[in-house]
file upload.cif (mmCIF, C-alpha atoms)
data_target
#
loop_
_atom_site.label_atom_id
_atom_site.label_comp_id
_atom_site.auth_asym_id
_atom_site.auth_seq_id
_atom_site.Cartn_x
_atom_site.Cartn_y
_atom_site.Cartn_z
CA MET A 12 8.49 1.59 -32.21
CA ASN A 13 10.23 0.65 -28.99
CA LEU A 14 8.37 0.47 -25.69
CA ASP A 15 9.04 4.08 -24.67
CA GLU A 16 7.78 5.30 -28.04
CA TRP A 17 4.66 3.18 -27.74
CA LEU A 18 3.91 4.50 -24.25
CA GLN A 19 4.32 8.07 -25.45
CA ARG A 20 1.89 7.33 -28.28
CA LEU A 21 -0.67 5.77 -25.93
CA GLU A 22 -0.75 8.96 -23.87
CA LEU A 23 -1.91 10.89 -26.96
CA LEU A 24 -4.48 8.48 -28.39
CA HIS A 25 -7.38 9.73 -26.25
CA PRO A 26 -8.19 13.32 -25.27
CA LYS A 27 -8.92 12.22 -21.69
CA GLU A 28 -6.64 10.44 -19.24
CA ILE A 29 -9.66 8.65 -17.75
CA GLU A 30 -12.96 7.81 -19.42
CA LEU A 31 -14.86 5.19 -17.48
CA GLY A 32 -17.09 2.83 -19.44
CA LEU A 33 -16.92 -0.64 -20.96
CA GLY A 34 -18.38 -0.14 -24.43
CA ARG A 35 -15.27 0.83 -26.37
CA VAL A 36 -12.84 -1.52 -24.66
CA ALA A 37 -15.29 -4.46 -24.85
CA LYS A 38 -15.70 -3.93 -28.60
CA VAL A 39 -11.93 -4.05 -29.18
CA ALA A 40 -11.65 -7.11 -26.93
CA GLN A 41 -14.11 -8.91 -29.20
CA GLN A 42 -12.03 -7.98 -32.24
CA LEU A 43 -8.73 -9.26 -30.81
CA PRO A 44 -10.32 -11.56 -29.44
CA VAL A 45 -9.45 -11.73 -25.72
CA THR A 46 -12.68 -12.78 -24.06
CA LYS A 47 -10.99 -15.82 -22.47
CA ILE A 48 -7.56 -15.16 -20.92
CA ALA A 49 -7.15 -18.06 -18.46
CA HIS A 50 -8.94 -21.02 -16.97
CA ARG A 51 -9.89 -18.85 -13.99
CA VAL A 52 -9.93 -15.12 -13.27
CA ILE A 53 -9.90 -13.28 -9.95
CA THR A 54 -10.62 -9.55 -10.01
CA VAL A 55 -9.46 -7.41 -7.09
CA ALA A 56 -10.94 -3.97 -6.35
CA GLY A 57 -10.57 -1.70 -3.32
CA THR A 58 -9.45 1.73 -2.23
CA ASN A 59 -6.20 0.38 -0.78
CA GLY A 60 -4.56 -3.03 -0.58
CA LYS A 61 -5.22 -4.25 -4.11
CA GLY A 62 -1.58 -4.65 -5.10
CA THR A 63 -0.51 -6.43 -1.92
CA THR A 64 -3.50 -8.77 -2.08
CA VAL A 65 -2.75 -9.66 -5.71
CA ARG A 66 0.90 -10.31 -4.89
CA LEU A 67 0.10 -12.64 -1.98
CA LEU A 68 -2.51 -14.49 -4.03
CA ALA A 69 0.04 -14.96 -6.81
CA ASN A 70 2.66 -16.31 -4.44
CA ILE A 71 0.29 -18.77 -2.78
CA LEU A 72 -1.13 -20.03 -6.08
CA SER A 73 2.35 -20.38 -7.58
CA ASN A 74 3.33 -22.49 -4.57
CA VAL A 75 0.54 -24.90 -5.51
CA GLY A 76 2.09 -25.27 -8.96
CA LEU A 77 -0.31 -23.10 -10.96
CA LYS A 78 0.71 -20.88 -13.89
CA VAL A 79 -0.30 -17.41 -12.76
CA GLY A 80 -0.60 -14.06 -14.53
CA CYS A 81 -0.98 -10.69 -12.77
CA TYR A 82 -2.13 -7.34 -14.08
CA SER A 83 -1.67 -4.33 -11.80
CA SER A 84 -1.15 -0.57 -11.87
CA PRO A 85 0.41 1.88 -11.54
CA HIS A 86 4.06 0.87 -11.84
CA LEU A 87 6.94 2.22 -9.78
CA HIS A 88 9.81 2.13 -12.29
CA HIS A 89 9.04 0.21 -15.49
CA TYR A 90 5.77 -0.33 -17.34
CA ASN A 91 6.61 -4.03 -17.58
CA GLU A 92 5.84 -4.33 -13.84
CA ARG A 93 2.15 -4.12 -14.75
CA VAL A 94 2.10 -7.46 -16.59
CA ILE A 95 3.58 -10.42 -14.73
CA ILE A 96 3.51 -13.95 -16.17
CA GLU A 97 4.71 -16.79 -13.98
CA GLY A 98 6.50 -14.41 -11.66
CA LEU A 99 8.36 -12.38 -14.29
CA PRO A 100 7.55 -9.03 -15.92
CA VAL A 101 6.92 -9.38 -19.65
CA GLU A 102 9.73 -8.20 -21.91
CA ASP A 103 9.64 -5.00 -23.94
CA GLN A 104 9.24 -6.74 -27.31
CA ALA A 105 6.31 -8.84 -26.10
CA LEU A 106 4.53 -5.68 -24.96
CA CYS A 107 5.26 -3.90 -28.23
CA ASP A 108 3.90 -6.84 -30.21
CA ALA A 109 0.74 -6.84 -28.08
CA PHE A 110 0.34 -3.08 -28.60
CA VAL A 111 0.52 -3.63 -32.36
CA ARG A 112 -2.24 -6.25 -32.18
CA VAL A 113 -4.46 -3.99 -30.05
CA ASP A 114 -3.84 -1.06 -32.40
CA LYS A 115 -4.94 -3.11 -35.40
CA ALA A 116 -8.02 -4.43 -33.60
CA ARG A 117 -9.20 -1.03 -32.36
CA ARG A 118 -9.19 0.57 -35.85
CA ASP A 119 -10.65 4.04 -35.19
CA ILE A 120 -11.95 3.35 -31.65
CA PRO A 121 -10.29 5.73 -29.16
CA LEU A 122 -8.76 4.06 -26.10
CA THR A 123 -7.22 5.62 -23.01
CA TYR A 124 -3.68 4.75 -21.90
CA PHE A 125 -5.07 2.35 -19.27
CA GLU A 126 -7.59 0.72 -21.59
CA PHE A 127 -4.97 0.12 -24.28
CA GLY A 128 -2.58 -1.38 -21.73
CA THR A 129 -5.33 -3.55 -20.25
CA LEU A 130 -6.17 -5.06 -23.62
CA ALA A 131 -2.48 -5.66 -24.33
CA ALA A 132 -2.16 -7.49 -21.01
CA PHE A 133 -5.24 -9.59 -21.83
CA ASP A 134 -3.72 -10.45 -25.22
CA LEU A 135 -0.49 -11.63 -23.59
CA PHE A 136 -2.33 -13.66 -20.97
CA ALA A 137 -4.50 -15.34 -23.60
CA ARG A 138 -1.36 -16.52 -25.41
CA ALA A 139 0.36 -17.85 -22.26
CA ASN A 140 -1.99 -20.77 -21.43
CA LEU A 141 -2.35 -19.70 -17.79
CA ASP A 142 -4.23 -21.49 -15.05
CA ILE A 143 -5.32 -18.29 -13.36
CA VAL A 144 -5.07 -14.53 -13.92
CA LEU A 145 -5.29 -11.94 -11.15
CA LEU A 146 -6.64 -8.57 -12.27
CA GLU A 147 -6.17 -5.43 -10.18
CA VAL A 148 -8.88 -2.88 -10.91
CA GLY A 149 -7.52 0.48 -12.01
CA LEU A 150 -10.31 2.77 -10.77
CA GLY A 151 -13.57 1.85 -9.07
CA GLY A 152 -14.73 -1.44 -10.53
CA ARG A 153 -18.09 -1.37 -12.28
CA LEU A 154 -16.88 0.76 -15.22
CA ASP A 155 -13.17 -0.12 -15.10
CA ALA A 156 -11.64 -1.69 -18.22
CA THR A 157 -10.73 -4.87 -16.32
CA ASN A 158 -14.44 -5.49 -15.72
CA ILE A 159 -15.17 -6.52 -19.32
CA LEU A 160 -14.29 -10.04 -18.18
CA ASP A 161 -16.38 -12.15 -15.82
CA SER A 162 -14.31 -13.22 -12.84
CA ASP A 163 -14.68 -16.47 -10.96
CA ILE A 164 -14.11 -14.65 -7.67
CA ALA A 165 -14.44 -10.93 -7.00
CA VAL A 166 -12.39 -9.45 -4.15
CA VAL A 167 -12.97 -6.04 -2.55
CA THR A 168 -10.16 -5.20 -0.14
CA SER A 169 -11.32 -1.92 1.43
CA ILE A 170 -13.75 0.92 0.84
CA ALA A 171 -12.71 4.47 1.68
CA LEU A 172 -12.89 7.93 0.13
CA ASP A 173 -10.65 8.40 -2.92
CA HIS A 174 -11.26 9.41 -6.54
CA GLN A 175 -14.51 11.06 -5.43
CA GLU A 176 -14.83 12.94 -8.73
CA TRP A 177 -15.33 9.56 -10.44
CA LEU A 178 -16.82 7.34 -7.73
CA GLY A 179 -18.90 9.65 -5.54
CA ASN A 180 -18.45 11.38 -2.20
CA THR A 181 -19.67 8.66 0.16
CA ARG A 182 -18.60 5.14 1.09
CA GLU A 183 -22.03 3.99 -0.08
CA SER A 184 -21.52 5.28 -3.63
CA ILE A 185 -17.94 4.01 -3.74
CA GLY A 186 -19.01 0.62 -2.37
CA TYR A 187 -21.57 0.32 -5.16
CA GLU A 188 -18.92 1.00 -7.81
CA LYS A 189 -16.54 -1.59 -6.36
CA ALA A 190 -19.30 -4.17 -5.98
CA GLY A 191 -19.79 -3.92 -9.75
CA ILE A 192 -17.06 -6.52 -10.31
CA MET A 193 -19.34 -9.20 -8.79
CA ARG A 194 -21.23 -11.59 -11.04
CA PRO A 195 -24.57 -13.40 -10.53
CA GLY A 196 -24.24 -16.59 -8.52
CA SER A 197 -20.46 -16.32 -8.21
CA SER A 198 -18.22 -15.97 -5.15
CA ALA A 199 -16.96 -12.71 -3.67
CA ILE A 200 -14.72 -11.75 -0.77
CA CYS A 201 -14.91 -8.45 1.14
CA GLY A 202 -11.92 -7.62 3.33
CA ASP A 203 -13.43 -4.43 4.73
CA PRO A 204 -14.73 -5.13 8.26
CA ASN A 205 -17.49 -2.54 7.80
CA PRO A 206 -18.79 -2.94 4.24
CA PRO A 207 -21.26 -0.32 2.99
CA LEU A 208 -24.87 -1.39 2.73
CA SER A 209 -24.70 -0.69 -1.02
CA LEU A 210 -22.14 -3.48 -1.46
CA LEU A 211 -24.13 -5.95 0.63
CA GLN A 212 -27.35 -5.17 -1.25
CA TYR A 213 -25.61 -5.45 -4.62
CA ALA A 214 -24.28 -8.90 -3.70
CA ASP A 215 -27.67 -9.98 -2.39
CA SER A 216 -29.46 -8.83 -5.56
CA LEU A 217 -27.18 -11.07 -7.66
CA ALA A 218 -27.30 -14.04 -5.25
CA VAL A 219 -23.54 -13.73 -4.80
CA ASN A 220 -21.86 -16.04 -2.30
CA LEU A 221 -20.26 -13.21 -0.31
CA ASP A 222 -17.69 -13.84 2.43
CA CYS A 223 -17.15 -10.83 4.69
CA SER A 224 -14.31 -10.12 7.11
CA GLY A 225 -15.46 -10.72 10.67
CA ARG A 226 -18.40 -12.82 9.50
CA GLU A 227 -17.31 -15.74 7.29
CA PHE A 228 -13.59 -15.25 7.93
CA GLY A 229 -11.26 -13.24 10.11
CA TYR A 230 -8.09 -13.21 12.16
CA GLU A 231 -6.79 -12.94 15.70
CA LEU A 232 -3.51 -11.30 16.70
CA ILE A 233 -1.14 -13.13 19.02
CA LEU A 234 0.81 -10.91 21.41
CA GLY A 235 4.18 -11.63 22.98
CA GLU A 236 5.32 -10.82 26.52
CA ASP A 237 6.05 -7.19 25.59
CA SER A 238 2.54 -6.83 24.08
CA LYS A 239 3.96 -6.77 20.54
CA VAL A 240 2.19 -8.76 17.84
CA ILE A 241 4.28 -11.87 17.14
CA SER A 242 1.94 -13.95 14.93
CA TRP A 243 -1.70 -14.40 14.03
CA ASN A 244 -4.44 -16.97 13.67
CA TRP A 245 -6.69 -17.10 10.62
CA TRP A 246 -10.17 -18.61 10.57
CA GLY A 247 -12.59 -18.95 7.70
CA GLN A 248 -14.29 -21.37 5.35
CA ASN A 249 -13.45 -23.52 2.40
CA ASN A 250 -15.97 -25.29 0.22
CA LYS A 251 -16.23 -28.12 2.77
CA GLY A 252 -16.74 -26.10 5.96
CA GLN A 253 -14.88 -24.26 8.71
CA ILE A 254 -11.08 -24.16 8.71
CA LYS A 255 -8.39 -22.51 10.84
CA PHE A 256 -4.64 -21.87 10.60
CA SER A 257 -2.75 -21.03 13.78
CA ARG A 258 0.36 -18.97 14.47
CA LEU A 259 0.97 -17.82 10.92
CA PRO A 260 4.06 -15.66 10.30
CA LEU A 261 3.48 -11.91 10.33
CA PRO A 262 3.16 -10.62 6.77
CA GLU A 263 4.96 -7.56 5.40
CA ILE A 264 1.56 -6.46 4.09
CA PRO A 265 -1.53 -5.46 6.12
CA ILE A 266 -2.90 -8.52 7.92
CA ALA A 267 -6.43 -7.62 6.77
CA ASN A 268 -5.31 -8.02 3.15
CA ALA A 269 -3.56 -11.29 3.92
CA ALA A 270 -6.71 -12.62 5.61
CA ALA A 271 -8.83 -11.74 2.57
CA ALA A 272 -6.31 -13.37 0.23
CA ILE A 273 -6.38 -16.62 2.24
CA GLN A 274 -10.18 -16.70 2.19
CA THR A 275 -10.05 -16.17 -1.58
CA VAL A 276 -7.79 -19.16 -2.21
CA MET A 277 -9.95 -21.27 0.12
CA ARG A 278 -12.93 -20.64 -2.19
CA LEU A 279 -11.04 -21.89 -5.26
CA GLY A 280 -11.44 -25.49 -4.15
CA LEU A 281 -7.75 -26.26 -4.72
CA PRO A 282 -5.53 -28.57 -2.65
CA ILE A 283 -4.13 -25.66 -0.64
CA GLU A 284 -2.01 -26.73 2.34
CA GLU A 285 -0.80 -24.63 5.25
CA VAL A 286 2.77 -24.74 3.97
CA HIS A 287 1.64 -23.01 0.77
CA LEU A 288 0.18 -20.18 2.82
CA ARG A 289 3.22 -19.81 5.07
CA GLN A 290 5.64 -19.73 2.15
CA GLY A 291 3.44 -17.25 0.29
CA ILE A 292 3.25 -14.92 3.30
CA LEU A 293 7.02 -15.00 3.84
CA ARG A 294 7.72 -14.29 0.15
CA THR A 295 5.33 -11.36 -0.22
CA ARG A 296 7.03 -7.97 -0.19
CA LEU A 297 6.22 -5.07 -2.49
CA PRO A 298 8.51 -2.14 -3.20
CA GLY A 299 7.10 1.07 -1.79
CA ARG A 300 4.77 -0.62 0.70
CA TYR A 301 6.28 0.20 4.09
CA GLN A 302 9.63 -0.56 2.52
CA ARG A 303 12.53 -0.15 4.91
CA ILE A 304 16.01 0.98 3.83
CA ASN A 305 18.73 1.53 6.44
CA GLN A 306 21.34 3.28 4.30
CA PRO A 307 22.47 6.01 4.34
CA VAL A 308 19.94 6.79 7.12
CA PRO A 309 16.88 4.86 8.36
CA ILE A 310 14.17 5.33 5.72
CA ILE A 311 10.63 4.00 5.29
CA LEU A 312 8.96 4.43 1.90
CA ASP A 313 5.24 4.04 1.40
CA VAL A 314 2.99 4.89 -1.55
CA ALA A 315 0.17 5.97 0.80
CA HIS A 316 -1.78 8.53 -1.24
CA ASN A 317 -5.14 8.92 0.48
CA PRO A 318 -6.36 9.37 4.09
CA HIS A 319 -7.15 5.68 4.59
CA ALA A 320 -3.63 4.65 3.59
CA ALA A 321 -2.08 7.51 5.59
CA SER A 322 -3.94 6.32 8.68
CA TYR A 323 -2.51 2.82 8.28
CA LEU A 324 0.97 4.28 7.77
CA ALA A 325 0.64 6.42 10.91
CA GLU A 326 -0.41 3.43 13.01
CA ARG A 327 2.62 1.42 11.89
CA LEU A 328 4.96 4.32 12.50
CA LYS A 329 3.73 4.62 16.09
CA ARG A 330 5.33 1.24 16.76
CA GLU A 331 8.75 2.33 15.51
CA GLN A 332 11.45 2.89 18.15
CA VAL A 333 12.96 6.24 17.14
CA THR A 334 15.44 7.89 19.51
CA GLY A 335 15.95 10.90 17.24
CA CYS A 336 13.39 12.77 15.16
CA VAL A 337 10.89 11.67 12.53
CA HIS A 338 11.26 13.57 9.25
CA ALA A 339 8.73 13.31 6.42
CA LEU A 340 9.43 13.89 2.73
CA VAL A 341 6.15 14.31 0.88
CA GLY A 342 4.87 14.83 -2.66
CA ILE A 343 1.13 14.52 -3.37
CA LEU A 344 -1.18 14.78 -6.38
CA ALA A 345 -3.55 17.73 -6.43
CA ASP A 346 -6.70 15.58 -6.70
CA LYS A 347 -6.03 13.85 -3.38
CA ASP A 348 -7.34 14.82 0.06
CA TYR A 349 -3.91 16.10 1.04
CA GLU A 350 -5.15 18.20 3.97
CA THR A 351 -6.56 15.15 5.77
CA MET A 352 -3.44 13.14 4.95
CA ILE A 353 -1.22 15.82 6.51
CA GLN A 354 -3.47 16.08 9.57
CA THR A 355 -3.32 12.31 10.00
CA MET A 356 0.47 12.26 9.93
CA MET A 357 1.01 15.47 11.93
CA PRO A 358 1.23 13.78 15.39
CA ILE A 359 3.91 11.39 14.08
CA VAL A 360 6.20 13.81 12.22
CA ASP A 361 8.63 16.28 13.81
CA TYR A 362 9.96 17.96 10.64
CA TRP A 363 8.54 18.17 7.13
CA SER A 364 10.06 18.44 3.66
CA VAL A 365 7.91 18.81 0.54
CA SER A 366 8.62 18.60 -3.16
CA ASP A 367 7.16 19.18 -6.59
CA LEU A 368 6.52 16.03 -8.62
CA PRO A 369 7.22 15.37 -12.32
CA THR A 370 3.57 15.30 -13.41
CA PRO A 371 0.96 17.95 -14.27
CA ARG A 372 -1.35 16.29 -11.72
CA ALA A 373 0.95 17.19 -8.82
CA LEU A 374 0.15 19.62 -6.03
CA SER A 375 2.91 22.21 -6.00
CA GLY A 376 5.43 21.95 -3.21
CA GLU A 377 4.70 25.59 -2.39
CA LYS A 378 1.00 24.94 -1.81
CA LEU A 379 1.70 21.75 0.15
CA ALA A 380 4.18 23.64 2.34
CA LEU A 381 1.50 26.23 3.08
CA VAL A 382 -0.93 23.51 4.21
CA ILE A 383 1.70 22.14 6.59
CA GLN A 384 2.66 25.58 7.91
CA GLN A 385 -0.99 26.25 8.70
CA GLN A 386 -0.80 23.25 11.04
CA GLY A 387 2.02 25.00 12.90
CA ALA A 388 4.78 22.68 11.68
CA THR A 389 8.28 23.36 10.33
CA VAL A 390 8.64 22.67 6.60
CA GLU A 391 11.28 22.98 3.87
CA SER A 392 10.49 23.03 0.15
CA TYR A 393 12.51 21.41 -2.66
CA ALA A 394 12.25 21.39 -6.43
CA SER A 395 12.47 17.60 -6.58
CA ILE A 396 12.48 14.50 -4.39
CA SER A 397 16.09 13.90 -5.42
CA SER A 398 17.29 17.32 -4.31
CA ALA A 399 15.47 16.91 -1.00
CA LEU A 400 17.09 13.52 -0.44
CA GLU A 401 20.51 14.86 -1.31
CA TYR A 402 20.23 17.25 1.62
CA LEU A 403 18.38 14.96 4.05
CA CYS A 404 20.72 12.00 3.60
CA GLU A 405 23.65 14.23 4.60
CA THR A 406 22.00 15.90 7.59
CA LEU A 407 19.92 13.18 9.27
CA THR A 408 21.53 10.68 11.64
CA LYS A 409 21.14 6.98 12.39
CA GLU A 410 18.91 7.93 15.33
CA ASP A 411 16.42 9.70 13.04
CA LEU A 412 13.77 8.20 10.77
CA LEU A 413 12.90 9.54 7.32
CA VAL A 414 9.41 8.69 6.06
CA ILE A 415 8.78 9.18 2.33
CA PHE A 416 5.14 9.02 1.22
CA GLY A 417 2.31 10.65 -0.70
CA SER A 418 2.35 9.16 -4.20
CA PHE A 419 3.80 6.47 -6.47
CA TYR A 420 5.71 9.31 -8.16
CA THR A 421 7.26 10.29 -4.82
CA VAL A 422 8.41 6.81 -3.92
CA SER A 423 9.59 5.99 -7.44
CA GLU A 424 11.86 9.03 -7.63
CA ALA A 425 13.15 8.36 -4.11
CA LEU A 426 14.00 4.73 -4.87
CA THR A 427 15.75 5.73 -8.09
CA TYR A 428 17.88 8.30 -6.25
CA LEU A 429 18.76 5.92 -3.42
CA LYS A 430 19.76 3.19 -5.85
CA LEU A 431 22.02 5.56 -7.80
CA ARG A 432 23.51 6.84 -4.55
CA GLY A 433 24.27 3.28 -3.53
#
call {"tool": "encode", "arguments": {"input": "upload.cif", "output": "structure tokens"}}
result
Amino acid sequence: MNLDEWLQRLELLHPKEIELGLGRVAKVAQQLPVTKIAHRVITVAGTNGKGTTVRLLANILSNVGLKVGCYSSPHLHHYNERVIIEGLPVEDQALCDAFVRVDKARRDIPLTYFEFGTLAAFDLFARANLDIVLLEVGLGGRLDATNILDSDIAVVTSIALDHQEWLGNTRESIGYEKAGIMRPGSSAICGDPNPPLSLLQYADSLAVNLDCSGREFGYELILGEDSKVISWNWWGQNNKGQIKFSRLPLPEIPIANAAAAIQTVMRLGLPIEEVHLRQGILRTRLPGRYQRINQPVPIILDVAHNPHAASYLAERLKREQVTGCVHALVGILADKDYETMIQTMMPIVDYWSVSDLPTPRALSGEKLALVIQQQGATVESYASISSALEYLCETLTKEDLLVIFGSFYTVSEALTYLKLRG
């Protein structure tokens, strides 16, 4: 089977898209075996910011000369994006070969799409003789498939409401689930400036060496004459004591995530120099994370898909100099808190466009339009992101700004259309 055929098969192997729990996946991992995938492992959980934190960590550690592997999800365009070895996505054949090995090892054990892919990634990492592997948690932490491995450092980027049907309806319950990636006596980093008590108590019960934003590490913004942020200072700790880096370049990712990533590498005890950090920050850009495209009209694409991410997007948009109007093109999954997301963005957006998405999980464009209309806003509905863009790219001007957000599906289809359009 080729990669597309394998991925289609994986979607049918388990009756549920998500089934949290470590028993089945741990048993198959023992059979492969993939209980040791690198000399060191860093696991990254969080409501938002996992992908950007992993990417910055990878860039900094690569600058030091380490062989780095990254596992992340979901992907924007190609499944291969989920498994990165030494800066490059793995090739189709390598993935197919790993899928074959996992399939043989699992025998009659049912695995979800994510679990199967996680084990395949672990198999590939184990064969690559890597210095360090960075694992992005898929959902929650405690019961996520990535958590079958003990990490050397656990990172929690942020804690906010999302996936409540799996993780609970409060920050306390969600914080407990994300804290589950911590291990007794190990190190952990929390980038959330207001961590839930559940996370702090979990770390304390395991005697975890926990570094929290605003306590063991943090950052200060440096403003220019026009009160715009021009750089930032980072302060924190390495294994020898206090340390500070001044006037770092502004990252293309949230500064809070960058600060947590720097504290993480400081705890590795490696010969990290300031130049490694600066180069890593300047190199770190992720498609679909406040990605700016200026043709054919000014466009910003962001995969923001929950209220916490929408709030960050709104704050960044407030700093944009737009002489025309702000238009939003939105597609959202039905299990998200779409009403709060729309309310958060309402003060920023002048005109709305909504679309169906190519997944059964999507909220219909018709229902999304109704939510927006109830807020008193103007909205147009489209059958697809592509058809919406076809119209918007012809009618908006260089003075306007088009913001595309709501889901990975939304941004993926938009980027594909814009690339084809040229």
call {"tool": "atom_distance", "arguments": {"input": "upload.cif", "atom1": "atom CA of A:His86", "atom2": "atom CA of A:Asn268"}}
result
19.8 Å
call {"tool": "atom_distance", "arguments": {"input": "upload.cif", "atom1": "atom CA of A:Thr427", "atom2": "atom CA of A:Cys404"}}
result
14.2 Å
call {"tool": "closest_residue", "arguments": {"input": "upload.cif", "among": "A:Gly98, A:Pro265, A:Pro358, A:Pro307", "to": "A:Arg327", "atoms": "all atoms listed in the file"}}
result
A:Pro265
call {"tool": "resolve_selection", "arguments": {"input": "upload.cif", "expression": "the PyMOL selection byres ((chain A and resi 346) around 10)", "output": "PyMOL selection string"}}
result
chain A and resi 173-176+317+343-345+347-349+372-374
call {"tool": "atom_distance", "arguments": {"input": "upload.cif", "atom1": "atom CA of A:Leu24", "atom2": "atom CA of A:Lys61"}}
result
27.4 Å
call {"tool": "resolve_selection", "arguments": {"input": "upload.cif", "expression": "the PyMOL selection byres ((chain A and resi 295-299) around 9)", "output": "PyMOL selection string"}}
result
chain A and resi 62-63+66-67+70+87+262-264+290-294+300-303+311-315+416+419+422-423+426
call {"tool": "write_last_selection", "arguments": {"input": "upload.cif", "atoms": "C-alpha atoms", "output": "mmCIF file, in the frame of the given file"}}
result
data_model
loop_
_atom_site.group_PDB
_atom_site.id
_atom_site.type_symbol
_atom_site.label_atom_id
_atom_site.label_comp_id
_atom_site.auth_asym_id
_atom_site.auth_seq_id
_atom_site.Cartn_x
_atom_site.Cartn_y
_atom_site.Cartn_z
ATOM 1 C CA GLY A 62 -1.580 -4.650 -5.100
ATOM 2 C CA THR A 63 -0.510 -6.430 -1.920
ATOM 3 C CA ARG A 66 0.900 -10.310 -4.890
ATOM 4 C CA LEU A 67 0.100 -12.640 -1.980
ATOM 5 C CA ASN A 70 2.660 -16.310 -4.440
ATOM 6 C CA LEU A 87 6.940 2.220 -9.780
ATOM 7 C CA PRO A 262 3.160 -10.620 6.770
ATOM 8 C CA GLU A 263 4.960 -7.560 5.400
ATOM 9 C CA ILE A 264 1.560 -6.460 4.090
ATOM 10 C CA GLN A 290 5.640 -19.730 2.150
ATOM 11 C CA GLY A 291 3.440 -17.250 0.290
ATOM 12 C CA ILE A 292 3.250 -14.920 3.300
ATOM 13 C CA LEU A 293 7.020 -15.000 3.840
ATOM 14 C CA ARG A 294 7.720 -14.290 0.150
ATOM 15 C CA ARG A 300 4.770 -0.620 0.700
ATOM 16 C CA TYR A 301 6.280 0.200 4.090
ATOM 17 C CA GLN A 302 9.630 -0.560 2.520
ATOM 18 C CA ARG A 303 12.530 -0.150 4.910
ATOM 19 C CA ILE A 311 10.630 4.000 5.290
ATOM 20 C CA LEU A 312 8.960 4.430 1.900
ATOM 21 C CA ASP A 313 5.240 4.040 1.400
ATOM 22 C CA VAL A 314 2.990 4.890 -1.550
ATOM 23 C CA ALA A 315 0.170 5.970 0.800
ATOM 24 C CA PHE A 416 5.140 9.020 1.220
ATOM 25 C CA PHE A 419 3.800 6.470 -6.470
ATOM 26 C CA VAL A 422 8.410 6.810 -3.920
ATOM 27 C CA SER A 423 9.590 5.990 -7.440
ATOM 28 C CA LEU A 426 14.000 4.730 -4.870
#
call {"tool": "residues_near_point", "arguments": {"input": "upload.cif", "point": "(3.9, -10.2, -13.1)", "cutoff": "9 Å", "atoms": "all atoms listed in the file", "output": "list of chain:residue names"}}
result
A:Arg66, A:Ala69, A:Val79, A:Gly80, A:Cys81, A:Tyr82, A:Ser83, A:Asn91, A:Glu92, A:Arg93, A:Val94, A:Ile95, A:Ile96, A:Glu97, A:Gly98, A:Leu99, A:Pro100, A:Val101
call {"tool": "residues_around", "arguments": {"input": "upload.cif", "residues": "A:Leu33", "least_positions_apart": "6", "cutoff": "7 Å", "atoms": "all atoms listed in the file", "output": "CSV table (one decimal) with C-alpha atoms, in the frame of the given file"}}
result
chain,number,residue,atom,x,y,z
A,154,LEU,CA,-16.9,0.8,-15.2
A,155,ASP,CA,-13.2,-0.1,-15.1
A,156,ALA,CA,-11.6,-1.7,-18.2
A,159,ILE,CA,-15.2,-6.5,-19.3
